[in-house]
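Containing mmCIF, C-alpha atoms (C1' of nucleotides): structure-v6.cif.
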data_work
loop_
_atom_site.label_atom_id
_atom_site.label_comp_id
_atom_site.auth_asym_id
_atom_site.auth_seq_id
_atom_site.Cartn_x
_atom_site.Cartn_y
_atom_site.Cartn_z
CA MET A 237 195.72 -90.02 37.19
CA GLY A 238 195.47 -86.24 37.11
CA ARG A 239 195.07 -84.09 34.07
CA ILE A 240 197.83 -82.35 32.22
CA LYS A 241 198.39 -79.02 33.89
CA THR A 242 197.99 -76.10 31.53
CA GLU A 243 199.78 -73.05 32.82
CA ASN A 244 200.67 -69.82 31.01
CA ASN A 245 197.79 -70.12 28.58
CA SER A 246 199.57 -72.87 26.68
CA THR A 247 197.54 -75.71 25.23
CA ARG A 248 197.97 -79.32 26.28
CA LYS A 249 199.35 -80.12 22.87
CA GLU A 250 202.08 -77.52 23.32
CA ILE A 251 203.04 -79.09 26.62
CA ILE A 252 203.28 -82.50 25.03
CA VAL A 253 205.42 -81.16 22.19
CA GLU A 254 207.72 -79.49 24.67
CA LYS A 255 208.18 -82.65 26.70
CA ALA A 256 208.63 -84.61 23.50
CA ALA A 257 211.50 -82.35 22.43
CA ASN A 258 213.07 -82.96 25.79
CA LEU A 259 212.70 -86.71 25.47
CA PHE A 260 213.78 -86.93 21.83
CA LYS A 261 216.87 -84.92 22.64
CA GLU A 262 217.75 -87.27 25.46
CA LYS A 263 217.06 -90.67 23.90
CA GLY A 264 216.68 -89.98 20.19
CA PHE A 265 213.40 -90.14 18.29
CA LYS A 266 213.33 -93.86 17.64
CA ALA A 267 214.44 -94.88 21.10
CA ALA A 268 211.89 -92.64 22.76
CA SER A 269 208.59 -94.45 23.24
CA MET A 270 205.16 -92.97 23.60
CA ARG A 271 205.00 -94.64 27.01
CA ASP A 272 208.16 -92.78 28.03
CA LEU A 273 206.59 -89.55 26.87
CA ALA A 274 203.34 -90.31 28.65
CA GLU A 275 205.17 -90.83 31.92
CA LEU A 276 206.98 -87.54 31.44
CA VAL A 277 203.68 -85.78 30.84
CA GLY A 278 202.03 -87.57 33.72
CA VAL A 279 199.39 -89.49 31.85
CA GLU A 280 198.76 -92.86 30.18
CA ALA A 281 200.17 -93.37 26.69
CA ALA A 282 196.80 -93.68 25.02
CA SER A 283 195.68 -90.37 26.47
CA LEU A 284 198.25 -88.51 24.42
CA TYR A 285 196.23 -89.30 21.32
CA ASN A 286 193.47 -86.99 22.42
CA HIS A 287 195.85 -84.14 21.66
CA ILE A 288 198.13 -85.34 18.90
CA LYS A 289 197.66 -87.40 15.78
CA SER A 290 200.81 -89.50 15.95
CA LYS A 291 204.35 -89.74 17.22
CA SER A 292 205.69 -88.50 13.92
CA GLU A 293 203.51 -85.41 14.16
CA LEU A 294 205.48 -84.44 17.24
CA LEU A 295 208.74 -84.62 15.34
CA HIS A 296 207.52 -82.65 12.40
CA VAL A 297 206.04 -79.90 14.57
CA ILE A 298 209.42 -79.51 16.26
CA CYS A 299 211.44 -79.59 13.04
CA LEU A 300 209.16 -77.25 11.14
CA ASP A 301 209.18 -74.73 13.94
CA VAL A 302 212.96 -74.64 14.12
CA ALA A 303 213.37 -74.48 10.36
CA ASN A 304 210.96 -71.56 10.18
CA ARG A 305 212.79 -69.62 12.85
CA PHE A 306 216.02 -69.78 10.87
CA THR A 307 214.36 -69.06 7.58
CA ASN A 308 212.68 -65.99 9.03
CA LYS A 309 215.95 -64.76 10.44
CA ILE A 310 217.83 -65.07 7.15
CA ASP A 311 214.95 -63.32 5.39
CA GLU A 312 215.39 -60.45 7.78
CA ILE A 313 219.18 -60.32 7.48
CA GLU A 314 219.24 -60.48 3.70
CA ALA A 315 217.00 -57.44 3.57
CA GLU A 316 219.37 -55.30 5.59
CA GLU A 317 221.95 -53.18 3.82
CA ILE A 318 225.10 -53.88 5.79
CA PRO A 319 228.45 -55.49 4.91
CA ALA A 320 228.40 -59.25 4.36
CA LYS A 321 230.80 -59.76 7.20
CA GLU A 322 228.33 -58.21 9.60
CA LYS A 323 225.51 -60.29 8.20
CA ILE A 324 227.47 -63.44 8.87
CA GLU A 325 228.27 -62.40 12.39
CA ILE A 326 224.64 -61.63 13.11
CA LEU A 327 223.54 -64.96 11.70
CA LEU A 328 226.23 -66.79 13.62
CA ARG A 329 225.22 -65.09 16.83
CA PHE A 330 221.61 -65.98 16.16
CA HIS A 331 222.53 -69.63 15.78
CA ILE A 332 224.48 -69.54 19.01
CA ARG A 333 221.67 -67.89 20.93
CA GLU A 334 219.05 -70.27 19.57
CA MET A 335 221.27 -73.08 20.79
CA LEU A 336 221.71 -71.44 24.17
CA ASN A 337 218.06 -70.61 24.72
CA HIS A 338 215.86 -73.34 23.26
CA TYR A 339 218.52 -75.83 22.37
CA GLU A 340 216.32 -78.87 22.81
CA ASP A 341 214.21 -78.21 19.73
CA VAL A 342 217.26 -77.19 17.72
CA ILE A 343 219.17 -80.32 18.59
CA VAL A 344 216.22 -82.57 17.85
CA SER A 345 215.63 -80.85 14.55
CA ASP A 346 219.31 -81.10 13.69
CA ARG A 347 219.74 -84.70 14.60
CA GLU A 348 216.41 -86.43 14.11
CA TRP A 349 215.02 -84.86 10.96
CA LYS A 350 215.91 -88.00 9.04
CA HIS A 351 213.04 -89.76 10.78
CA LEU A 352 210.47 -87.35 9.39
CA SER A 353 207.85 -88.96 7.21
CA GLU A 354 206.86 -87.73 3.79
CA PRO A 355 206.03 -85.16 2.64
CA TYR A 356 207.60 -83.39 5.62
CA LEU A 357 210.93 -85.04 4.99
CA SER A 358 211.22 -83.67 1.47
CA ASN A 359 210.05 -80.26 2.61
CA PHE A 360 212.56 -80.14 5.40
CA ARG A 361 215.39 -81.27 3.15
CA HIS A 362 214.56 -78.57 0.68
CA GLN A 363 214.29 -75.84 3.28
CA ARG A 364 217.59 -76.89 4.82
CA LYS A 365 219.34 -76.97 1.48
CA THR A 366 217.99 -73.56 0.52
CA TYR A 367 219.02 -72.07 3.83
CA ARG A 368 222.59 -73.26 3.40
CA LYS A 369 222.76 -71.91 -0.10
CA ARG A 370 221.58 -68.50 1.03
CA PHE A 371 224.09 -68.57 3.87
CA ALA A 372 226.86 -69.50 1.44
CA ALA A 373 225.78 -66.73 -0.91
CA ILE A 374 226.32 -64.16 1.81
CA ILE A 375 229.80 -65.51 2.41
CA GLU A 376 230.57 -65.42 -1.30
CA GLU A 377 229.45 -61.84 -1.38
CA GLY A 378 231.90 -61.12 1.45
CA ILE A 379 234.71 -62.80 -0.47
CA LYS A 380 233.92 -60.84 -3.58
CA LYS A 381 234.04 -57.59 -1.64
CA LYS A 382 237.38 -58.60 -0.10
CA GLU A 383 235.88 -58.65 3.38
CA MET A 384 236.96 -62.21 3.90
CA LYS A 385 239.49 -64.77 2.81
CA LYS A 386 239.15 -66.72 -0.40
CA ILE A 387 237.75 -69.92 0.99
CA ASP A 388 235.10 -72.35 -0.16
CA ALA A 389 231.85 -70.79 1.01
CA SER A 390 229.93 -74.01 1.54
CA THR A 391 232.75 -75.40 3.64
CA ALA A 392 232.56 -72.29 5.78
CA VAL A 393 228.82 -72.77 6.22
CA LEU A 394 229.38 -76.39 7.15
CA ILE A 395 231.89 -75.45 9.80
CA MET A 396 229.75 -72.76 11.35
CA LEU A 397 226.54 -74.75 11.50
CA HIS A 398 228.19 -77.78 12.99
CA ALA A 399 230.43 -75.85 15.33
CA VAL A 400 227.32 -74.30 16.84
CA SER A 401 225.70 -77.67 17.35
CA GLY A 402 228.61 -78.47 19.65
CA ILE A 403 227.05 -76.18 22.21
CA GLU A 404 225.07 -79.17 23.35
CA SER A 405 228.17 -80.48 25.09
CA PHE A 406 228.52 -77.10 26.73
CA HIS A 407 225.04 -77.50 28.20
CA ARG A 408 225.97 -80.85 29.65
CA SER A 409 229.24 -79.63 31.15
CA LYS A 410 229.34 -77.70 34.38
CA GLN A 411 229.23 -74.47 32.40
CA LYS A 412 232.54 -73.08 33.52
CA ILE A 413 231.99 -70.04 31.31
CA SER A 414 228.80 -68.07 30.77
CA GLY A 415 226.67 -68.09 27.66
CA LYS A 416 227.86 -64.62 26.76
CA GLU A 417 231.49 -65.65 27.04
CA LEU A 418 230.83 -68.73 24.97
CA GLU A 419 229.25 -66.63 22.27
CA GLU A 420 232.19 -64.24 22.14
CA ASN A 421 234.67 -67.09 22.05
CA MET A 422 232.88 -68.84 19.23
CA VAL A 423 232.54 -65.70 17.16
CA THR A 424 236.19 -64.83 17.69
CA ILE A 425 237.45 -68.27 16.74
CA LEU A 426 235.25 -68.66 13.70
CA ILE A 427 235.63 -65.16 12.33
CA ASN A 428 239.21 -64.38 13.35
CA GLY A 429 240.69 -67.81 13.81
CA LEU A 430 242.54 -69.59 16.52
CA ALA A 431 246.04 -68.40 15.68
CA LYS A 432 247.48 -65.10 16.76
CA MET B 338 220.86 -118.38 0.36
CA GLY B 339 224.60 -118.24 -0.22
CA ARG B 340 227.25 -117.76 2.37
CA ILE B 341 228.84 -114.50 3.34
CA LYS B 342 231.73 -113.93 0.98
CA THR B 343 235.02 -113.48 2.76
CA GLU B 344 237.49 -111.66 0.60
CA ASN B 345 240.79 -110.02 1.55
CA ASN B 346 241.35 -112.39 4.48
CA SER B 347 238.72 -110.58 6.53
CA THR B 348 236.53 -112.61 8.85
CA ARG B 349 232.77 -112.83 8.47
CA LYS B 350 232.37 -110.89 11.67
CA GLU B 351 234.38 -108.03 10.25
CA ILE B 352 232.17 -107.94 7.20
CA ILE B 353 229.06 -107.80 9.37
CA VAL B 354 230.52 -104.98 11.47
CA GLU B 355 231.37 -103.05 8.34
CA LYS B 356 227.88 -103.39 6.92
CA ALA B 357 226.45 -102.53 10.31
CA ALA B 358 228.39 -99.27 10.41
CA ASN B 359 226.99 -98.49 7.01
CA LEU B 360 223.44 -99.23 8.12
CA PHE B 361 223.70 -97.47 11.48
CA LYS B 362 225.04 -94.39 9.77
CA GLU B 363 222.12 -94.38 7.35
CA LYS B 364 219.20 -95.12 9.65
CA GLY B 365 220.57 -94.66 13.14
CA PHE B 366 221.26 -97.49 15.59
CA LYS B 367 217.76 -97.84 16.97
CA ALA B 368 215.99 -97.60 13.65
CA ALA B 369 218.27 -100.17 12.04
CA SER B 370 216.92 -103.68 12.53
CA MET B 371 218.82 -106.92 12.48
CA ARG B 372 216.65 -107.97 9.56
CA ASP B 373 217.79 -104.88 7.66
CA LEU B 374 221.37 -105.78 8.41
CA ALA B 375 220.83 -109.40 7.40
CA GLU B 376 219.49 -108.34 4.04
CA LEU B 377 222.49 -106.09 3.52
CA VAL B 378 224.81 -108.96 4.34
CA GLY B 379 222.80 -111.37 2.18
CA VAL B 380 221.68 -113.79 4.84
CA GLU B 381 218.81 -114.47 7.25
CA ALA B 382 218.69 -112.45 10.47
CA ALA B 383 219.19 -115.44 12.72
CA SER B 384 222.33 -116.42 10.85
CA LEU B 385 224.10 -113.29 12.01
CA TYR B 386 224.16 -114.74 15.50
CA ASN B 387 226.65 -117.38 14.44
CA HIS B 388 229.18 -114.56 14.25
CA ILE B 389 228.14 -111.92 16.75
CA LYS B 390 226.73 -111.99 20.26
CA SER B 391 224.18 -109.21 19.94
CA LYS B 392 223.19 -106.04 18.15
CA SER B 393 224.76 -103.93 20.83
CA GLU B 394 228.06 -105.73 20.39
CA LEU B 395 228.17 -104.32 16.87
CA LEU B 396 227.84 -100.78 18.17
CA HIS B 397 230.44 -101.15 20.83
CA VAL B 398 232.95 -102.71 18.45
CA ILE B 399 232.53 -99.72 16.16
CA CYS B 400 232.71 -97.11 18.90
CA LEU B 401 235.66 -98.69 20.69
CA ASP B 402 237.61 -98.92 17.47
CA VAL B 403 237.10 -95.26 16.62
CA ALA B 404 237.85 -94.10 20.14
CA ASN B 405 241.08 -96.07 20.17
CA ARG B 406 242.24 -94.60 16.88
CA PHE B 407 241.93 -91.08 18.24
CA THR B 408 243.46 -91.96 21.58
CA ASN B 409 246.44 -93.53 19.86
CA LYS B 410 246.90 -90.47 17.71
CA ILE B 411 246.88 -88.04 20.59
CA ASP B 412 249.33 -90.27 22.46
CA GLU B 413 251.65 -90.00 19.49
CA ILE B 414 251.25 -86.25 19.09
CA GLU B 415 251.73 -85.43 22.76
CA ALA B 416 255.06 -87.24 22.66
CA GLU B 417 256.42 -85.08 19.86
CA GLU B 418 258.40 -81.98 20.69
CA ILE B 419 256.91 -79.38 18.41
CA PRO B 420 254.99 -76.14 18.98
CA ALA B 421 251.45 -76.53 20.29
CA LYS B 422 250.10 -74.81 17.22
CA GLU B 423 251.55 -77.52 15.03
CA LYS B 424 250.20 -80.23 17.28
CA ILE B 425 246.74 -78.80 16.93
CA GLU B 426 247.00 -78.61 13.18
CA ILE B 427 248.19 -82.21 12.97
CA LEU B 428 245.34 -83.37 15.19
CA LEU B 429 242.83 -81.35 13.24
CA ARG B 430 244.07 -82.78 9.97
CA PHE B 431 243.88 -86.27 11.43
CA HIS B 432 240.25 -85.71 12.35
CA ILE B 433 239.48 -84.45 8.88
CA ARG B 434 241.17 -87.40 7.19
CA GLU B 435 239.49 -89.93 9.42
CA MET B 436 236.22 -88.32 8.43
CA LEU B 437 237.15 -88.40 4.76
CA ASN B 438 238.40 -91.97 4.70
CA HIS B 439 236.35 -94.14 7.03
CA TYR B 440 233.69 -91.65 7.91
CA GLU B 441 230.98 -94.23 8.49
CA ASP B 442 232.48 -95.58 11.70
CA VAL B 443 233.36 -92.11 12.90
CA ILE B 444 229.86 -90.78 12.35
CA VAL B 445 228.25 -93.77 14.03
CA SER B 446 230.58 -93.48 16.98
CA ASP B 447 229.93 -89.74 17.21
CA ARG B 448 226.20 -89.93 16.96
CA GLU B 449 225.11 -93.28 18.36
CA TRP B 450 227.39 -93.82 21.34
CA LYS B 451 224.54 -92.92 23.65
CA HIS B 452 222.96 -96.27 22.83
CA LEU B 453 225.93 -98.21 24.14
CA SER B 454 225.13 -100.50 27.04
CA GLU B 455 227.06 -100.63 30.25
CA PRO B 456 229.90 -100.93 30.98
CA TYR B 457 230.87 -99.80 27.51
CA LEU B 458 228.88 -96.60 27.84
CA SER B 459 230.77 -95.45 30.92
CA ASN B 460 234.06 -96.44 29.36
CA PHE B 461 233.33 -94.54 26.19
CA ARG B 462 232.18 -91.47 28.08
CA HIS B 463 235.36 -91.47 30.08
CA GLN B 464 237.61 -91.94 27.09
CA ARG B 465 235.83 -89.16 25.25
CA LYS B 466 236.08 -86.79 28.17
CA THR B 467 239.75 -87.53 28.65
CA TYR B 468 240.47 -87.01 24.98
CA ARG B 469 238.85 -83.59 24.99
CA LYS B 470 240.73 -82.58 28.09
CA ARG B 471 244.03 -83.55 26.51
CA PHE B 472 243.10 -81.69 23.36
CA ALA B 473 242.20 -78.61 25.39
CA ALA B 474 245.46 -78.88 27.31
CA ILE B 475 247.42 -78.61 24.07
CA ILE B 476 245.48 -75.48 23.16
CA GLU B 477 246.09 -73.99 26.57
CA GLU B 478 249.77 -74.65 26.14
CA GLY B 479 249.61 -72.76 22.86
CA ILE B 480 247.88 -69.84 24.54
CA LYS B 481 250.46 -69.74 27.31
CA LYS B 482 253.27 -69.64 24.76
CA LYS B 483 251.49 -66.83 22.88
CA GLU B 484 251.08 -68.98 19.79
CA MET B 485 247.37 -68.45 19.82
CA LYS B 486 244.68 -66.07 20.93
CA LYS B 487 243.39 -65.97 24.48
CA ILE B 488 240.24 -67.98 24.02
CA ASP B 489 238.48 -70.59 26.09
CA ALA B 490 240.27 -73.83 25.20
CA SER B 491 237.35 -76.17 25.67
CA THR B 492 235.19 -74.00 23.43
CA ALA B 493 237.87 -74.26 20.78
CA VAL B 494 237.90 -78.05 21.10
CA LEU B 495 234.13 -78.09 20.83
CA ILE B 496 234.20 -76.08 17.66
CA MET B 497 236.87 -78.15 15.98
CA LEU B 498 235.40 -81.53 16.79
CA HIS B 499 231.94 -80.57 15.68
CA ALA B 500 233.08 -78.66 12.63
CA VAL B 501 234.79 -81.79 11.43
CA SER B 502 231.67 -83.86 11.88
CA GLY B 503 230.05 -81.58 9.32
CA ILE B 504 232.09 -83.35 6.67
CA GLU B 505 229.26 -85.84 6.50
CA SER B 506 227.22 -83.32 4.54
CA PHE B 507 230.18 -82.93 2.24
CA HIS B 508 230.07 -86.65 1.52
CA ARG B 509 226.40 -86.40 0.62
CA SER B 510 226.84 -83.38 -1.63
CA LYS B 511 228.10 -83.70 -5.14
CA GLN B 512 231.61 -83.06 -3.88
CA LYS B 513 232.28 -79.92 -5.79
CA ILE B 514 235.70 -79.66 -4.19
CA SER B 515 238.20 -82.43 -3.50
CA GLY B 516 239.06 -83.89 -0.13
CA LYS B 517 242.40 -82.15 -0.15
CA GLU B 518 240.79 -78.79 -0.86
CA LEU B 519 238.26 -79.37 1.87
CA GLU B 520 241.02 -80.13 4.33
CA GLU B 521 242.93 -76.97 3.45
CA ASN B 522 239.80 -74.86 3.69
CA MET B 523 238.85 -76.24 7.07
CA VAL B 524 242.31 -75.79 8.50
CA THR B 525 242.51 -72.25 7.16
CA ILE B 526 239.17 -71.22 8.56
CA LEU B 527 239.63 -72.81 11.95
CA ILE B 528 243.23 -71.76 12.49
CA ASN B 529 243.29 -68.39 10.74
CA GLY B 530 239.62 -67.44 10.72
CA LEU B 531 237.15 -66.38 8.15
CA ALA B 532 237.92 -62.69 8.08
CA LYS B 533 240.74 -61.11 6.15
"C1'" DT C 144 171.39 -80.16 38.26
"C1'" DT C 145 171.31 -81.50 33.88
"C1'" DG C 146 173.74 -81.78 29.46
"C1'" DC C 147 177.72 -81.78 26.71
"C1'" DA C 148 182.39 -81.75 25.41
"C1'" DT C 149 186.82 -82.68 26.92
"C1'" DT C 150 190.21 -85.56 28.91
"C1'" DC C 151 191.50 -89.43 30.93
"C1'" DC C 152 191.48 -94.53 31.75
"C1'" DT C 153 191.81 -99.76 30.79
"C1'" DA C 154 192.25 -103.23 27.49
"C1'" DA C 155 193.68 -104.76 23.56
"C1'" DC C 156 195.08 -104.87 18.55
"C1'" DG C 157 198.56 -106.01 15.08
"C1'" DT C 158 203.53 -105.22 14.03
"C1'" DT C 159 208.10 -105.23 14.63
"C1'" DT C 160 211.83 -106.11 17.49
"C1'" DG C 161 216.12 -108.88 19.17
"C1'" DT C 162 217.10 -113.34 19.96
"C1'" DT C 163 217.02 -118.68 20.73
"C1'" DA C 164 216.31 -123.60 19.47
"C1'" DG C 165 216.72 -127.08 16.49
"C1'" DT C 166 217.93 -128.64 11.97
"C1'" DT C 167 220.02 -128.86 7.48
"C1'" DA C 168 223.74 -127.86 4.15
"C1'" DC C 169 228.28 -126.89 3.11
"C1'" DA C 170 233.47 -127.10 3.45
"C1'" DT C 171 237.56 -129.06 5.21
"C1'" DT C 172 240.40 -132.77 7.12
"C1'" DC C 173 241.51 -137.43 7.75
"C1'" DG D 1041 234.21 -141.14 1.40
"C1'" DA D 1042 233.35 -140.58 6.29
"C1'" DA D 1043 233.71 -137.43 9.99
"C1'" DT D 1044 233.60 -133.03 11.93
"C1'" DG D 1045 233.00 -128.28 12.69
"C1'" DT D 1046 231.21 -124.14 10.58
"C1'" DA D 1047 227.55 -121.48 8.78
"C1'" DA D 1048 223.34 -121.26 6.94
"C1'" DC D 1049 218.21 -122.14 7.32
"C1'" DT D 1050 213.12 -122.26 9.33
"C1'" DA D 1051 210.20 -121.46 13.09
"C1'" DA D 1052 209.13 -119.37 16.90
"C1'" DC D 1053 209.60 -116.87 21.39
"C1'" DA D 1054 208.59 -112.92 24.51
"C1'" DA D 1055 208.83 -108.13 24.84
"C1'" DA D 1056 208.08 -103.58 23.23
"C1'" DC D 1057 206.17 -100.75 19.95
"C1'" DG D 1058 202.47 -97.19 18.00
"C1'" DT D 1059 197.86 -96.90 17.98
"C1'" DT D 1060 192.55 -97.71 18.42
"C1'" DA D 1061 188.05 -98.66 20.74
"C1'" DG D 1062 185.00 -97.94 24.24
"C1'" DG D 1063 183.82 -96.45 28.58
"C1'" DA D 1064 184.45 -93.62 32.94
"C1'" DA D 1065 185.52 -89.31 35.05
"C1'" DT D 1066 185.98 -84.47 34.94
"C1'" DG D 1067 185.04 -79.41 33.95
"C1'" DC D 1068 182.05 -75.99 32.07
"C1'" DA D 1069 177.73 -73.77 30.46
"C1'" DA D 1070 172.86 -73.63 30.82
#
Once you've parsed the file, please lay out its structure as structure tokens.
Amino acid sequence: MGRIKTENNSTRKEIIVEKAANLFKEKGFKAASMRDLAELVGVEAASLYNHIKSKSELLHVICLDVANRFTNKIDEIEAEEIPAKEKIEILLRFHIREMLNHYEDVIVSDREWKHLSEPYLSNFRHQRKTYRKRFAAIIEEGIKKKEMKKIDASTAVLIMLHAVSGIESFHRSKQKISGKELEENMVTILINGLAK
Amino acid sequence: MGRIKTENNSTRKEIIVEKAANLFKEKGFKAASMRDLAELVGVEAASLYNHIKSKSELLHVICLDVANRFTNKIDEIEAEEIPAKEKIEILLRFHIREMLNHYEDVIVSDREWKHLSEPYLSNFRHQRKTYRKRFAAIIEEGIKKKEMKKIDASTAVLIMLHAVSGIESFHRSKQKISGKELEENMVTILINGLAK
DNA sequence: TTGCATTCCTAACGTTTGTTAGTTACATTC
DNA sequence: GAATGTAACTAACAAACGTTAGGAATGCAA
């Protein structure tokens, strides 16, 4: 069998991780076997272990990467001096775009993180919890400054994060509307509501 | 080992299905083993097969049950002669309550249906698709009658369904707010929006 | 062309998996 | 109390799993 093709100055490990995200998204982490992955990469299962340490390493690379992207973004947003309402919209749009662009990693991270092994599991849990708290804090700031309705901030976070994860179905559908339209629709509904 | 206790005139099979939903929710369908389930039930793994045909039967019983509950509800709502906006609110509240009351089945159905085997997989897919279309049709009716904003109906469905599934996190948290409060918050945000 | 490191292969390992066969214990009915 | 069906057990199966060992092929530098 041929070697793994390395284009665009990406390492073989990166290629394997990419394919793994694809596979995990499709079948779920537990249901995806290393032999499945090997076939996708174009190599025998055992050969993968020249590039990675274990199956669980693949998952934790994916999850950590996604978690860091969101943490970095909220770092950036918190630093800006703009109204809370704008911060929320920016963050929401970031979530939507992440889901539109590299949704495979995001979905896997969202749905399969429970299968992380320690200490990555605890780390991830903590990072996730912290992120949500910071998100909620921004909303609470908006409520305090009368920019938004008096609602439970953590419920609002819950709704937004999970609403965005619904974009997966959008990917599977025949994409009647464009990504840009989807983004505008989601922002409108979540910020301004469904009712007229 | 003792027998499976059958209280409340429920069959042993029903007890197994209930525990299975619990286990599948916790570990995921693939990661949950029949030996795990047996331990939860208080019996040896092989003994389960006196009551069920297979592991996959457990999943399809759970998924079919959930799917039917929602289909029945939308049948009922479509028949009523009330404004579309009200229909949507009723349906949304039904989703929230299902998630609050027997959320284990709903989560498993939502998250693990991909592991159904044929022909149940195709059936489920179809039922799910049809449900969403009917939901979207109600929203479109509301848009036509100027009860709601001009937004993409299927995006709105996406948001609502997935937002509701976020209630799982609520269950895991220390439940700072009550179920009733959560419901009101969710309805407010989704129908009227976050912004003031 | 030789030498060396990388990358792949085949073969196999020890577990865990869902499930079946065959048997024993319990509970209910006559 | 004997008979009968239900529900549990033990033992074991074949298949699939993640992973390792050891050797062959490849690509690169000298």
Output the contact residues of chain D with respect to chain B at a cut-off of 8 Å, based on only C-alpha atoms (C1' of nucleotides), as a ChimeraX atom specification. /D:1047-1049
Considering only C-alpha atoms (C1' of nucleotides), give me a table of residues in chain B that are at most 9 Å from chain C, with the closest atom pair and distance in Å for each, as a Markdown table.
| residue | atom | partner | partner_atom | distance |
| --- | --- | --- | --- | --- |
| B:Ser370 | CA | C:DT160 | C1' | 7.5 |
| B:Met371 | CA | C:DG161 | C1' | 7.5 |
| B:Ala383 | CA | C:DT162 | C1' | 7.8 |
| B:Tyr386 | CA | C:DT162 | C1' | 8.5 |
| B:Ser391 | CA | C:DG161 | C1' | 8.1 |
| B:Lys392 | CA | C:DG161 | C1' | 7.7 |
Dump as a PyMOL selection string the residues of chain B that approach chain A to within 9 Å, counting only C-alpha atoms. chain B and resi 364-368+422+448+451-452+483-489+491-493+495-504+506-507+514+518-519+522-523+525-533
Between atom CA of Gly415 of chain A and atom CA of Ala473 of chain B, what is the spacing in Å? 18.9 Å
Env of Leu300 of chain A: 9 Å cut, atoms = only C-alpha atoms (C1' of nucleotides), seq-sep filter 4 positions within chain, self excluded. Answer as a count of residues only. 7
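Atom CA of Thr408 of chain B sits 26.7 Å away from atom CA of Asn346 of chain B.
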What would the selection look like, as a PyMOL selection string, if the PyMOL selection byres ((chain B and resi 471) around 12) were run on the coordinates I just shared? chain B and resi 407-408+410-412+414-415+421+424-425+428+464-470+472-478+490-491+494
Kindly give the distance, in Å, that separates atom CA of Lys362 of chain B and atom CA of Leu352 of chain A, rounded to a single decimal. 16.2 Å
